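Trainee: You'll find my_file_19.csv just under this line, and it carries CSV, C-alpha atoms and all ligand atoms.
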```
chain,number,residue,atom,x,y,z
A,19,MET,CA,13.5,-0.6,-17.6
A,20,TYR,CA,12.0,0.1,-14.2
A,21,CYS,CA,8.7,-0.9,-12.7
A,22,ILE,CA,6.5,0.2,-9.8
A,23,ILE,CA,3.4,-1.4,-8.5
A,24,TYR,CA,1.3,0.2,-5.8
A,25,ARG,CA,-2.2,0.0,-4.4
A,26,SER,CA,-4.4,2.8,-3.1
A,27,THR,CA,-7.9,3.5,-1.9
A,28,THR,CA,-10.6,5.9,-3.1
A,29,HIS,CA,-13.1,7.6,-0.7
A,30,SER,CA,-16.1,6.7,-2.8
A,31,VAL,CA,-16.3,4.7,-6.0
A,32,LEU,CA,-15.2,7.1,-8.8
A,33,THR,CA,-17.7,7.6,-11.6
A,34,GLN,CA,-17.1,6.4,-15.2
A,35,LEU,CA,-16.6,10.0,-16.1
A,36,GLN,CA,-14.0,10.6,-13.4
A,37,ILE,CA,-12.1,7.5,-14.4
A,38,GLN,CA,-12.3,8.5,-18.1
A,39,ASN,CA,-10.8,11.9,-17.3
A,40,LEU,CA,-8.1,10.3,-15.2
A,41,LEU,CA,-7.2,7.8,-18.0
A,42,ASN,CA,-7.2,10.5,-20.7
A,43,GLN,CA,-4.8,12.6,-18.7
A,44,ALA,CA,-2.6,9.6,-17.8
A,45,LYS,CA,-2.5,8.1,-21.3
A,46,ASP,CA,-1.5,11.4,-22.9
A,47,PHE,CA,1.4,11.8,-20.4
A,48,ASN,CA,2.4,8.2,-20.6
A,49,ARG,CA,2.5,8.1,-24.4
A,50,LYS,CA,4.8,11.2,-24.5
A,51,ASN,CA,7.0,9.7,-21.8
A,52,GLN,CA,7.2,6.0,-22.9
A,53,ILE,CA,5.4,4.8,-19.8
A,54,THR,CA,3.2,1.8,-20.2
A,55,GLY,CA,1.2,-0.2,-17.6
A,56,CYS,CA,-2.1,-1.3,-16.2
A,57,LEU,CA,-4.6,0.1,-13.8
A,58,LEU,CA,-7.1,-2.1,-12.0
A,59,TYR,CA,-10.0,-0.6,-10.0
A,60,TYR,CA,-11.8,-2.9,-7.8
A,61,HIS,CA,-14.0,-2.2,-4.7
A,62,HIS,CA,-12.6,1.3,-4.0
A,63,GLU,CA,-9.0,0.0,-4.5
A,64,PHE,CA,-6.6,0.8,-7.3
A,65,VAL,CA,-3.7,-1.4,-8.2
A,66,GLN,CA,-1.4,0.1,-10.7
A,67,TYR,CA,1.5,-1.3,-12.6
A,68,LEU,CA,3.8,1.3,-14.2
A,69,GLU,CA,6.9,0.6,-16.3
A,70,GLY,CA,9.4,2.8,-18.1
A,71,GLU,CA,12.6,4.7,-17.5
A,72,GLU,CA,13.5,4.7,-13.8
A,73,LYS,CA,13.6,8.5,-13.3
A,74,VAL,CA,10.4,9.0,-15.3
A,75,VAL,CA,8.5,6.3,-13.4
A,76,THR,CA,9.7,7.5,-10.0
A,77,ALA,CA,8.8,11.1,-10.8
A,78,LEU,CA,5.4,10.1,-12.0
A,79,PHE,CA,4.8,8.0,-8.8
A,80,ASP,CA,5.7,11.0,-6.7
A,81,LYS,CA,2.9,13.0,-8.4
A,82,ILE,CA,0.5,10.1,-8.2
A,83,LYS,CA,1.1,9.8,-4.4
A,84,LYS,CA,0.0,13.4,-4.0
A,85,ASP,CA,-3.2,13.0,-6.1
A,86,ILE,CA,-6.3,13.7,-4.0
A,87,ARG,CA,-8.4,11.3,-5.9
A,88,HIS,CA,-7.0,8.5,-3.8
A,89,TYR,CA,-5.2,7.9,-0.5
A,90,ASN,CA,-3.3,5.2,1.4
A,91,VAL,CA,-0.9,4.9,-1.6
A,92,ASP,CA,1.1,1.9,-0.7
A,93,LEU,CA,4.1,0.8,-2.7
A,94,LEU,CA,4.0,-2.9,-3.2
A,95,VAL,CA,6.9,-3.6,-5.6
A,96,SER,CA,9.6,-1.6,-7.3
A,97,GLY,CA,12.6,-2.8,-9.3
A,98,PHE,CA,14.3,-3.3,-12.6
A,99,ILE,CA,12.8,-5.5,-15.3
A,100,TYR,CA,14.2,-6.9,-18.5
A,101,GLY,CA,11.3,-6.0,-20.8
A,102,ARG,CA,7.9,-4.4,-20.8
A,103,GLU,CA,4.9,-6.4,-19.7
A,104,PHE,CA,2.4,-4.0,-21.2
A,105,LYS,CA,4.3,-2.7,-24.2
A,106,ASN,CA,1.1,-2.1,-26.3
A,107,TRP,CA,-0.8,-0.1,-23.7
A,108,SER,CA,-0.2,3.4,-22.5
A,109,MET,CA,-2.5,2.4,-19.6
A,110,ALA,CA,-4.6,-0.8,-19.8
A,111,TYR,CA,-7.6,-0.4,-17.6
A,112,GLU,CA,-10.2,-2.7,-16.0
A,113,ASN,CA,-13.0,-1.9,-13.5
A,114,PHE,CA,-14.6,-5.3,-13.3
A,115,ILE,CA,-18.1,-4.1,-14.2
A,116,GLY,CA,-20.3,-6.6,-15.9
A,117,PRO,CA,-20.4,-10.4,-15.4
A,118,ASN,CA,-18.4,-12.7,-17.6
A,119,SER,CA,-16.1,-15.6,-16.8
A,120,ARG,CA,-13.0,-13.9,-17.8
A,121,LEU,CA,-13.7,-11.0,-15.4
A,122,GLU,CA,-14.7,-13.4,-12.6
A,123,TYR,CA,-11.3,-15.1,-12.8
A,124,LEU,CA,-9.5,-11.8,-12.9
A,125,LYS,CA,-11.5,-10.7,-9.9
A,126,MET,CA,-10.4,-13.7,-7.9
A,127,LEU,CA,-6.9,-13.2,-8.9
A,128,VAL,CA,-6.9,-9.5,-7.9
A,129,GLU,CA,-8.6,-10.2,-4.6
A,130,THR,CA,-5.9,-12.7,-3.7
A,131,TYR,CA,-3.3,-10.2,-4.7
A,132,ILE,CA,-4.9,-7.3,-2.7
A,133,ASP,CA,-5.5,-9.4,0.4
A,134,ASP,CA,-2.1,-11.0,0.5
A,135,GLU,CA,-0.5,-9.7,3.7
A,136,ASN,CA,2.9,-10.6,2.4
A,137,THR,CA,2.6,-8.9,-0.9
A,138,PHE,CA,6.0,-9.0,-2.4
A,139,THR,CA,8.3,-6.0,-2.4
A,140,THR,CA,10.6,-7.1,-5.2
A,141,ILE,CA,9.8,-8.4,-8.6
A,142,ASN,CA,9.7,-12.1,-8.3
A,143,PRO,CA,8.3,-14.9,-10.5
A,144,ALA,CA,4.9,-14.8,-8.7
A,145,THR,CA,4.5,-11.0,-9.3
A,146,LYS,CA,5.5,-11.4,-12.9
A,147,LYS,CA,3.1,-14.3,-13.4
A,148,PHE,CA,0.3,-12.3,-11.9
A,149,TRP,CA,0.7,-9.4,-14.3
A,150,THR,CA,1.2,-11.7,-17.3
A,151,VAL,CA,-2.1,-13.4,-16.5
A,152,VAL,CA,-3.8,-10.0,-16.1
A,153,ARG,CA,-2.4,-8.9,-19.5
A,154,THR,CA,-3.5,-12.1,-21.2
A,155,LEU,CA,-7.0,-11.8,-19.8
A,156,LEU,CA,-7.2,-8.1,-20.8
A,157,SER,CA,-5.8,-8.9,-24.2
A,158,THR,CA,-9.0,-10.9,-25.0
A,159,GLN,CA,-10.8,-7.6,-25.1
A,160,LYS,CA,-10.6,-5.2,-28.0
A,161,VAL,CA,-7.2,-3.6,-28.0
A,162,GLU,CA,-8.8,-0.2,-28.8
A,163,ASP,CA,-10.3,-0.2,-25.3
A,164,PHE,CA,-7.0,0.4,-23.8
A,165,GLN,CA,-5.0,2.5,-26.2
A,201,LIG,C1,-4.9,5.9,-9.5
A,201,LIG,C2,-4.3,7.0,-10.3
A,201,LIG,C3,-3.4,6.6,-11.4
A,201,LIG,C4,-2.8,7.5,-12.2
A,201,LIG,N1,-2.0,7.1,-13.2
A,201,LIG,C5,-1.4,8.1,-13.9
A,201,LIG,C6,-0.5,7.7,-15.0
A,201,LIG,O1,-0.3,6.5,-15.3
A,201,LIG,N2,0.1,8.7,-15.7
A,201,LIG,C7,-0.1,10.0,-15.4
A,201,LIG,O2,0.5,10.9,-16.1
A,201,LIG,N3,-0.9,10.4,-14.4
A,201,LIG,C8,-1.5,9.5,-13.7
A,201,LIG,N4,-2.4,9.9,-12.7
A,201,LIG,C9,-2.6,11.3,-12.5
A,201,LIG,C10,-1.5,12.0,-11.6
A,201,LIG,O3,-1.7,11.7,-10.3
A,201,LIG,C11,-1.5,13.5,-11.8
A,201,LIG,O4,-2.8,14.0,-11.7
A,201,LIG,C12,-1.0,13.8,-13.2
A,201,LIG,O5,0.3,13.3,-13.4
A,201,LIG,C13,-0.9,15.3,-13.5
A,201,LIG,O6,-0.1,15.9,-12.5
A,201,LIG,P1,0.3,17.5,-12.7
A,201,LIG,O7,-0.9,18.2,-12.8
A,201,LIG,O8,1.1,17.8,-11.4
A,201,LIG,O9,1.2,17.5,-13.9
A,201,LIG,C14,-3.0,8.9,-11.9
A,201,LIG,C15,-3.8,9.3,-10.8
A,201,LIG,C16,-4.5,8.3,-10.0
A,201,LIG,C17,-5.4,8.7,-8.9
```
Could I get this structure in the form of C-alpha cells?
Mentor:
Amino acid sequence: MYCIIYRSTTHSVLTQLQIQNLLNQAKDFNRKNQITGCLLYYHHEFVQYLEGEEKVVTALFDKIKKDIRHYNVDLLVSGFIYGREFKNWSMAYENFIGPNSRLEYLKMLVETYIDDENTFTTINPATKKFWTVVRTLLSTQKVEDFQ
C-alpha cells in the first residue's frame, strides 16, 4: 500500500458546485481503482491524502498535478504504509464551513500542518497521527457525507 500527501493552491475559492463536481469525478474513479483518502480545503489551499496501489496512486497524482483547478502542487509525503487510514472513504472531504468546536480544532490542526516549514517528506509517526486525528474528527459526521 502506497500513500501520497500533497498540498496545492486555488486561484479563487472554488464554489460548492465546483467542489461537488470534482468530488463526484474523483470518487467514481477512486472506487473503481481502490483508492481511498481525504481532501481538505481551507483558505484556497488543498491538502490531499491518497492511498492505494503504488502505480495507481502515482499515475493519479501525475494527472492531479496537471489539473488547472489548482496550482503550486507541492508533494509533502510519499511512501509505503501498512494499512489504509481512510479505508471506508473513496474521498473524505472537509471545507471547514460552519462553526463548531470539532471543526475549530481541525482548523487549528490543519493550519499548523500547512504552515510547518519542515513538513515531513516521509511517513513518520507525526504524519500518521495527524491523519488519524483528521479521520477521527471527520468520522463524527455522518458517514454518508463522504461516501
Ligand atoms: C484538488 C484535487 C483533487 C483531486 N482528487 C482526485 C482524486 O482523488 N481522484 C481522481 O480520480 N481525480 C481527482 N482529481 C481530478 C483529476 O485532477 C483529474 O481531473 C481526473 O483524474 C480526470 O482526469 P482525466 O480527464 O485526464 O481522466 C482531483 C483534482 C483536484 C484539483
Trainee: Please compute the atom CA of Thr76 of chain A-atom CA of Leu35 of chain A distance, one decimal, in Å.
Mentor: 27.1 Å
Trainee: Using only C-alpha atoms, list the residues that have an atom at most 12 Å from (-3.2, 10.2, -23.8), coordinates as in the file, as a count of residues only.
Mentor: 23
Trainee: With all atoms listed in the file as the counted atoms, please give the residues lying no more than 10 Å from segment 70-73 of chain A, apart from itself and same-chain residues fewer than 4 positions off, as a PDB file with C-alpha atoms, in the coordinates of the input.
Mentor:
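New file around-v6.pdb:
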```
ATOM      1  CA  MET A  19      13.500  -0.600 -17.600  1.00  0.00           C
ATOM      2  CA  TYR A  20      12.000   0.100 -14.200  1.00  0.00           C
ATOM      3  CA  CYS A  21       8.700  -0.900 -12.700  1.00  0.00           C
ATOM      4  CA  ILE A  22       6.500   0.200  -9.800  1.00  0.00           C
ATOM      5  CA  ASN A  48       2.400   8.200 -20.600  1.00  0.00           C
ATOM      6  CA  ASN A  51       7.000   9.700 -21.800  1.00  0.00           C
ATOM      7  CA  GLN A  52       7.200   6.000 -22.900  1.00  0.00           C
ATOM      8  CA  ILE A  53       5.400   4.800 -19.800  1.00  0.00           C
ATOM      9  CA  THR A  54       3.200   1.800 -20.200  1.00  0.00           C
ATOM     10  CA  GLY A  55       1.200  -0.200 -17.600  1.00  0.00           C
ATOM     11  CA  ALA A  77       8.800  11.100 -10.800  1.00  0.00           C
ATOM     12  CA  LEU A  78       5.400  10.100 -12.000  1.00  0.00           C
ATOM     13  CA  PHE A  79       4.800   8.000  -8.800  1.00  0.00           C
ATOM     14  CA  SER A  96       9.600  -1.600  -7.300  1.00  0.00           C
ATOM     15  CA  GLY A  97      12.600  -2.800  -9.300  1.00  0.00           C
ATOM     16  CA  PHE A  98      14.300  -3.300 -12.600  1.00  0.00           C
ATOM     17  CA  ILE A  99      12.800  -5.500 -15.300  1.00  0.00           C
ATOM     18  CA  GLY A 101      11.300  -6.000 -20.800  1.00  0.00           C
ATOM     19  CA  ARG A 102       7.900  -4.400 -20.800  1.00  0.00           C
ATOM     20  CA  LYS A 105       4.300  -2.700 -24.200  1.00  0.00           C
TER      21      LYS A 105
END
```
Trainee: Which centre and edge lengths in Å to one decimal define the box along x, y and z that fits every listed atom of segment 59-68 of chain A plus 3 Å per side, as AutoDock Vina command-line options?
Mentor:
```
--center_x -5.1 --center_y -0.8 --center_z -9.1 --size_x 23.8 --size_y 10.2 --size_z 16.2
```
Trainee: One decimal, Å: what's the distance from atom CA of Gln66 of chain A over to atom CA of Lys84 of chain A, could you say?
Mentor: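 These atoms are spaced 15.0 Å apart.
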Trainee: Just the residues within 12 Å of Thr150 of chain A, please, counting all atoms listed in the file, with nothing from its chain fewer than 5 positions along; format it as a list of chain:residue names.
Mentor: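 Listing them by chain and then by number gives A:Gly55, A:Cys56, A:Tyr67, A:Arg102, A:Glu103, A:Phe104, A:Lys105, A:Leu124, A:Leu127, A:Pro143, A:Ala144, A:Thr145, A:Leu155, A:Leu156, A:Ser157.
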Trainee: Have a look at atom CA of Ile37 of chain A and atom CA of Ile141 of chain A and let me know their distance in Å, one decimal.
Mentor: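 Interatomic distance here is 27.7 Å.
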Trainee: Between A:Leu58, A:Glu69, A:Arg87, A:Val31, which residue has the minimum interatomic distance to ligand LIG 201 (chain A), considering all atoms listed in the file?
Mentor: A:Arg87
Trainee: Which residue is closest to ligand LIG 201 (chain A)? Choose from A:Leu68, A:Ile115, A:His61, A:Gln36 and count only C-alpha atoms and all ligand atoms.
Mentor: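 Selected residue with least distance to ligand LIG 201 (chain A): A:Leu68.
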Trainee: Considering all atoms listed in the file, can you say which of A:Lys146, A:Lys125, A:Arg153, A:His88 comes closest to ligand LIG 201 (chain A)?
Mentor: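 When distances to ligand LIG 201 (chain A) are compared using all atoms listed in the file, the smallest one comes from A:His88.
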Trainee: Would you please work out which residue, of A:Glu122, A:Glu129, A:Asp92, A:Asp85, is nearest to ligand LIG 201 (chain A) when using only C-alpha atoms and all ligand atoms?
Mentor: A:Asp85
Trainee: Considering all atoms listed in the file, state which residue in the set A:Asn142, A:Ser26, A:Thr158, A:Gln34 is at the smallest distance from ligand LIG 201 (chain A).
Mentor: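 With all atoms listed in the file as the atom set, the closest residue is A:Ser26.
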Trainee: Counting all atoms listed in the file, which of A:Thr154, A:Tyr24, A:Trp149, A:His29 gets nearest to Asp80 of chain A?
Mentor: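 The shortest atom-to-atom distance to Asp80 of chain A comes from A:Tyr24.
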Trainee: When you get a chance, write out N, CA and C atoms for segment 40-54 of chain A, as a PDB file, keeping the file's coordinate frame.
Mentor:
```
ATOM      1  N   LEU A  40      -9.361  10.745 -15.767  1.00  0.00           N
ATOM      2  CA  LEU A  40      -8.100  10.300 -15.200  1.00  0.00           C
ATOM      3  C   LEU A  40      -7.263   9.571 -16.291  1.00  0.00           C
ATOM      4  N   LEU A  41      -7.929   8.662 -17.004  1.00  0.00           N
ATOM      5  CA  LEU A  41      -7.200   7.800 -18.000  1.00  0.00           C
ATOM      6  C   LEU A  41      -6.754   8.692 -19.186  1.00  0.00           C
ATOM      7  N   ASN A  42      -7.598   9.650 -19.614  1.00  0.00           N
ATOM      8  CA  ASN A  42      -7.200  10.500 -20.700  1.00  0.00           C
ATOM      9  C   ASN A  42      -5.919  11.266 -20.390  1.00  0.00           C
ATOM     10  N   GLN A  43      -5.915  11.819 -19.184  1.00  0.00           N
ATOM     11  CA  GLN A  43      -4.800  12.600 -18.700  1.00  0.00           C
ATOM     12  C   GLN A  43      -3.532  11.660 -18.618  1.00  0.00           C
ATOM     13  N   ALA A  44      -3.742  10.494 -18.023  1.00  0.00           N
ATOM     14  CA  ALA A  44      -2.600   9.600 -17.800  1.00  0.00           C
ATOM     15  C   ALA A  44      -2.067   9.056 -19.128  1.00  0.00           C
ATOM     16  N   LYS A  45      -2.954   8.661 -20.054  1.00  0.00           N
ATOM     17  CA  LYS A  45      -2.500   8.100 -21.300  1.00  0.00           C
ATOM     18  C   LYS A  45      -1.705   9.089 -22.133  1.00  0.00           C
ATOM     19  N   ASP A  46      -2.158  10.327 -22.103  1.00  0.00           N
ATOM     20  CA  ASP A  46      -1.500  11.400 -22.900  1.00  0.00           C
ATOM     21  C   ASP A  46      -0.051  11.547 -22.358  1.00  0.00           C
ATOM     22  N   PHE A  47       0.082  11.673 -21.042  1.00  0.00           N
ATOM     23  CA  PHE A  47       1.400  11.800 -20.400  1.00  0.00           C
ATOM     24  C   PHE A  47       2.252  10.573 -20.706  1.00  0.00           C
ATOM     25  N   ASN A  48       1.659   9.418 -20.515  1.00  0.00           N
ATOM     26  CA  ASN A  48       2.400   8.200 -20.600  1.00  0.00           C
ATOM     27  C   ASN A  48       2.941   7.946 -22.053  1.00  0.00           C
ATOM     28  N   ARG A  49       2.094   8.264 -23.038  1.00  0.00           N
ATOM     29  CA  ARG A  49       2.500   8.100 -24.400  1.00  0.00           C
ATOM     30  C   ARG A  49       3.751   8.994 -24.698  1.00  0.00           C
ATOM     31  N   LYS A  50       3.689  10.221 -24.200  1.00  0.00           N
ATOM     32  CA  LYS A  50       4.800  11.200 -24.500  1.00  0.00           C
ATOM     33  C   LYS A  50       6.047  10.788 -23.700  1.00  0.00           C
ATOM     34  N   ASN A  51       5.906  10.005 -22.661  1.00  0.00           N
ATOM     35  CA  ASN A  51       7.000   9.700 -21.800  1.00  0.00           C
ATOM     36  C   ASN A  51       7.403   8.214 -21.758  1.00  0.00           C
ATOM     37  N   GLN A  52       6.939   7.484 -22.766  1.00  0.00           N
ATOM     38  CA  GLN A  52       7.200   6.000 -22.900  1.00  0.00           C
ATOM     39  C   GLN A  52       6.939   5.267 -21.608  1.00  0.00           C
ATOM     40  N   ILE A  53       5.827   5.609 -20.988  1.00  0.00           N
ATOM     41  CA  ILE A  53       5.400   4.800 -19.800  1.00  0.00           C
ATOM     42  C   ILE A  53       4.248   3.926 -20.276  1.00  0.00           C
ATOM     43  N   THR A  54       4.312   2.670 -19.872  1.00  0.00           N
ATOM     44  CA  THR A  54       3.200   1.800 -20.200  1.00  0.00           C
ATOM     45  C   THR A  54       2.786   1.116 -18.836  1.00  0.00           C
TER      46      THR A  54
END
```
